[in-house]
Amino acid sequence: MDKENKPSSRSIGRRKLISGFGWALVGLAAAGVSWIGGRFLTGNKNQLSVEPARFGSPNDYPMGSVVKKNKVVLFRDKAGFWAVNAVCTHLGCQPVFVHQQSMFVCPCHESRFDAEGRVLAGPATENMSLAALRLDEQGGLVAYPKEKVRPGYRFG
């Protein structure tokens, strides 16, 4: 073999190059799986709406009303109004209120919460929070998602 056809000692072979790319892809895939697994195990509780939800006049809502604005669900019963921050405490998904069952069901992993946001079934382990309710200058109901109130809270 002449000198011109000999591979230099500095060059890397095609197999090493392809193998290196393969291992890099395996590493990226492992990092992605780890990130997703970490999110699944630790959850994402920073999904609450920052903006207040404006519902308008309390007179617009008869007894038994359930109304959603942004990520807040407003309820009315004999004792008054309450607002649930409809953000699953497991991964931050947005649960849907199922009227027939009077419960929230999370579309991501099937966590279930009652109408006051209390966990009925996991994987969520923490209750959804209740938002503070106040009247604005025009007498309209406004929910403040970042201002949490105690369980059982009713407005009006």
# chains A, B, ... in the order shown; residues from 1 in each chain; ligands from 1
call {"tool": "select_by_dssp", "arguments": {"residues": "chain A", "states": "helix (DSSP H, G or I)", "output": "PyMOL selection string"}}
result
chain A and resi 3-5+14-42+58-60+99-101
call {"tool": "write_last_selection", "arguments": {"atoms": "N, CA and C atoms", "output": "short mmCIF file (atom, residue, chain, number, x, y, z; two decimals), in the first residue's frame"}}
result
data_model
loop_
_atom_site.label_atom_id
_atom_site.label_comp_id
_atom_site.auth_asym_id
_atom_site.auth_seq_id
_atom_site.Cartn_x
_atom_site.Cartn_y
_atom_site.Cartn_z
N LYS A 3 1.86 5.25 0.33
CA LYS A 3 1.67 6.25 1.37
C LYS A 3 0.39 7.06 1.17
N GLU A 4 0.02 7.30 -0.08
CA GLU A 4 -1.15 8.14 -0.38
C GLU A 4 -2.46 7.48 0.04
N ASN A 5 -2.56 6.17 0.01
CA ASN A 5 -3.82 5.47 0.32
C ASN A 5 -3.94 5.08 1.79
N ARG A 14 -15.21 5.75 9.44
CA ARG A 14 -16.65 5.93 9.23
C ARG A 14 -17.45 5.24 10.34
N ARG A 15 -17.01 4.07 10.74
CA ARG A 15 -17.73 3.34 11.80
C ARG A 15 -17.72 4.11 13.12
N LYS A 16 -16.57 4.66 13.46
CA LYS A 16 -16.48 5.44 14.70
C LYS A 16 -17.37 6.67 14.64
N LEU A 17 -17.40 7.32 13.49
CA LEU A 17 -18.22 8.51 13.32
C LEU A 17 -19.70 8.18 13.47
N ILE A 18 -20.15 7.14 12.78
CA ILE A 18 -21.56 6.73 12.86
C ILE A 18 -21.90 6.26 14.26
N SER A 19 -20.98 5.52 14.87
CA SER A 19 -21.20 5.06 16.24
C SER A 19 -21.31 6.25 17.20
N GLY A 20 -20.47 7.25 17.01
CA GLY A 20 -20.53 8.45 17.86
C GLY A 20 -21.86 9.17 17.73
N PHE A 21 -22.34 9.32 16.49
CA PHE A 21 -23.65 9.94 16.27
C PHE A 21 -24.76 9.10 16.91
N GLY A 22 -24.66 7.81 16.80
CA GLY A 22 -25.66 6.92 17.39
C GLY A 22 -25.74 7.09 18.89
N TRP A 23 -24.56 7.11 19.54
CA TRP A 23 -24.54 7.28 20.99
C TRP A 23 -25.04 8.67 21.40
N ALA A 24 -24.76 9.66 20.59
CA ALA A 24 -25.28 11.00 20.88
C ALA A 24 -26.80 11.01 20.83
N LEU A 25 -27.38 10.32 19.83
CA LEU A 25 -28.85 10.23 19.74
C LEU A 25 -29.44 9.47 20.92
N VAL A 26 -28.77 8.41 21.32
CA VAL A 26 -29.24 7.65 22.49
C VAL A 26 -29.21 8.55 23.73
N GLY A 27 -28.16 9.35 23.88
CA GLY A 27 -28.07 10.26 25.02
C GLY A 27 -29.18 11.31 25.00
N LEU A 28 -29.46 11.87 23.82
CA LEU A 28 -30.55 12.84 23.71
C LEU A 28 -31.90 12.20 24.05
N ALA A 29 -32.12 11.00 23.55
CA ALA A 29 -33.38 10.31 23.84
C ALA A 29 -33.51 10.05 25.34
N ALA A 30 -32.43 9.62 25.98
CA ALA A 30 -32.46 9.36 27.42
C ALA A 30 -32.74 10.65 28.20
N ALA A 31 -32.15 11.76 27.76
CA ALA A 31 -32.40 13.05 28.42
C ALA A 31 -33.86 13.44 28.27
N GLY A 32 -34.42 13.24 27.08
CA GLY A 32 -35.84 13.57 26.85
C GLY A 32 -36.76 12.74 27.71
N VAL A 33 -36.50 11.44 27.79
CA VAL A 33 -37.32 10.55 28.62
C VAL A 33 -37.19 10.95 30.09
N SER A 34 -36.00 11.30 30.52
CA SER A 34 -35.79 11.73 31.91
C SER A 34 -36.57 13.00 32.21
N TRP A 35 -36.54 13.95 31.28
CA TRP A 35 -37.26 15.20 31.47
C TRP A 35 -38.76 14.96 31.57
N ILE A 36 -39.29 14.15 30.66
CA ILE A 36 -40.73 13.85 30.68
C ILE A 36 -41.09 13.10 31.96
N GLY A 37 -40.27 12.12 32.34
CA GLY A 37 -40.52 11.38 33.58
C GLY A 37 -40.47 12.28 34.79
N GLY A 38 -39.53 13.22 34.81
CA GLY A 38 -39.45 14.17 35.92
C GLY A 38 -40.68 15.04 36.00
N ARG A 39 -41.17 15.51 34.86
CA ARG A 39 -42.40 16.32 34.85
C ARG A 39 -43.58 15.50 35.35
N PHE A 40 -43.62 14.22 34.96
CA PHE A 40 -44.72 13.36 35.39
C PHE A 40 -44.70 13.17 36.90
N LEU A 41 -43.52 12.97 37.46
CA LEU A 41 -43.41 12.70 38.89
C LEU A 41 -43.54 13.95 39.75
N THR A 42 -43.03 15.08 39.28
CA THR A 42 -43.06 16.29 40.10
C THR A 42 -44.23 17.19 39.79
N PRO A 58 -73.83 39.01 39.44
CA PRO A 58 -74.23 37.78 40.13
C PRO A 58 -75.67 37.38 39.81
N ASN A 59 -76.50 38.36 39.44
CA ASN A 59 -77.89 38.06 39.12
C ASN A 59 -78.04 37.25 37.83
N ASP A 60 -76.96 37.18 37.03
CA ASP A 60 -77.01 36.41 35.78
C ASP A 60 -76.88 34.91 36.02
N HIS A 99 -70.87 17.65 34.37
CA HIS A 99 -72.09 17.98 35.13
C HIS A 99 -72.80 16.74 35.66
N GLN A 100 -72.91 15.70 34.85
CA GLN A 100 -73.66 14.51 35.25
C GLN A 100 -73.05 13.84 36.48
N GLN A 101 -71.74 13.97 36.65
CA GLN A 101 -71.07 13.34 37.79
C GLN A 101 -70.67 14.35 38.86
#
call {"tool": "residues_around", "arguments": {"residues": "A:Cys88", "least_positions_apart": "3", "cutoff": "12 Å", "atoms": "only C-alpha atoms", "output": "JSON list (two decimals) with C-alpha atoms, in the first residue's frame"}}
result
[["chain", "number", "residue", "atom", "x", "y", "z"],
["A", 43, "GLY", "CA", -45.93, 17.92, 38.24],
["A", 44, "ASN", "CA", -46.29, 21.49, 37.09],
["A", 45, "LYS", "CA", -48.23, 23.69, 39.46],
["A", 46, "ASN", "CA", -47.42, 26.99, 37.78],
["A", 47, "GLN", "CA", -50.24, 26.86, 35.26],
["A", 48, "LEU", "CA", -52.73, 29.10, 37.08],
["A", 71, "LYS", "CA", -59.05, 28.51, 33.78],
["A", 72, "VAL", "CA", -61.58, 29.38, 36.47],
["A", 84, "VAL", "CA", -62.22, 26.71, 41.41],
["A", 85, "ASN", "CA", -58.86, 27.17, 39.68],
["A", 91, "LEU", "CA", -49.14, 18.13, 35.59],
["A", 92, "GLY", "CA", -50.99, 21.41, 35.12],
["A", 93, "CYS", "CA", -53.53, 20.15, 32.58],
["A", 94, "GLN", "CA", -57.00, 21.67, 32.48],
["A", 95, "PRO", "CA", -59.67, 19.36, 33.95],
["A", 96, "VAL", "CA", -63.18, 19.43, 32.51],
["A", 97, "PHE", "CA", -66.22, 19.68, 34.78],
["A", 104, "PHE", "CA", -63.73, 17.53, 37.34],
["A", 105, "VAL", "CA", -61.91, 14.95, 35.21],
["A", 106, "CYS", "CA", -58.39, 15.66, 33.97],
["A", 107, "PRO", "CA", -57.92, 14.67, 30.33],
["A", 108, "CYS", "CA", -54.19, 13.95, 30.77],
["A", 109, "HIS", "CA", -54.09, 11.18, 33.40],
["A", 110, "GLU", "CA", -57.69, 10.86, 34.65],
["A", 111, "SER", "CA", -57.28, 12.61, 38.01],
["A", 112, "ARG", "CA", -60.69, 13.39, 39.48],
["A", 113, "PHE", "CA", -61.75, 16.27, 41.71],
["A", 117, "GLY", "CA", -61.48, 20.96, 43.78],
["A", 118, "ARG", "CA", -60.77, 18.20, 46.32],
["A", 119, "VAL", "CA", -58.92, 15.15, 44.96],
["A", 121, "ALA", "CA", -58.70, 9.96, 42.49],
["A", 122, "GLY", "CA", -55.07, 10.35, 41.41],
["A", 123, "PRO", "CA", -52.44, 10.52, 40.19],
["A", 124, "ALA", "CA", -52.95, 14.09, 41.52],
["A", 125, "THR", "CA", -52.32, 14.21, 45.27],
["A", 126, "GLU", "CA", -53.16, 17.85, 46.02],
["A", 127, "ASN", "CA", -56.50, 19.64, 45.77],
["A", 128, "MET", "CA", -57.11, 22.33, 43.18],
["A", 129, "SER", "CA", -57.25, 25.74, 44.82]]
call {"tool": "atom_distance", "arguments": {"atom1": "atom CA of A:Asp77", "atom2": "atom CA of A:Pro62"}}
result
8.5 Å
call {"tool": "closest_residue", "arguments": {"among": "A:Pro52, A:Leu141, A:Leu130, A:Gly152", "to": "A:Ala86", "atoms": "only C-alpha atoms"}}
result
A:Leu130
call {"tool": "residues_around", "arguments": {"residues": "A:Phe155", "least_positions_apart": "4", "cutoff": "7 Å", "atoms": "only C-alpha atoms", "output": "list in words"}}
result
Gly80, Phe81, Trp82 and Leu133 of chain A
call {"tool": "closest_residue", "arguments": {"among": "A:Val66, A:His90, A:Ala83, A:Gly56", "to": "A:Glu147", "atoms": "only C-alpha atoms"}}
result
A:Ala83
call {"tool": "select_by_dssp", "arguments": {"residues": "stretch 14-137 of chain A", "states": "strand (DSSP E or B)", "output": "PyMOL selection string"}}
result
chain A and resi 53-56+66-69+72-77+80-85+96-98+103-105+112-114+119-121+130-135
call {"tool": "residues_around", "arguments": {"residues": "A:Lys69", "least_positions_apart": "6", "cutoff": "9 Å", "atoms": "only C-alpha atoms", "output": "PyMOL selection string"}}
result
chain A and resi 53-55
call {"tool": "atom_distance", "arguments": {"atom1": "atom CA of A:Tyr144", "atom2": "atom CA of A:Lys68"}}
result
13.5 Å
call {"tool": "atom_distance", "arguments": {"atom1": "atom CA of A:Ala115", "atom2": "atom CA of A:Ser57"}}
result
21.6 Å
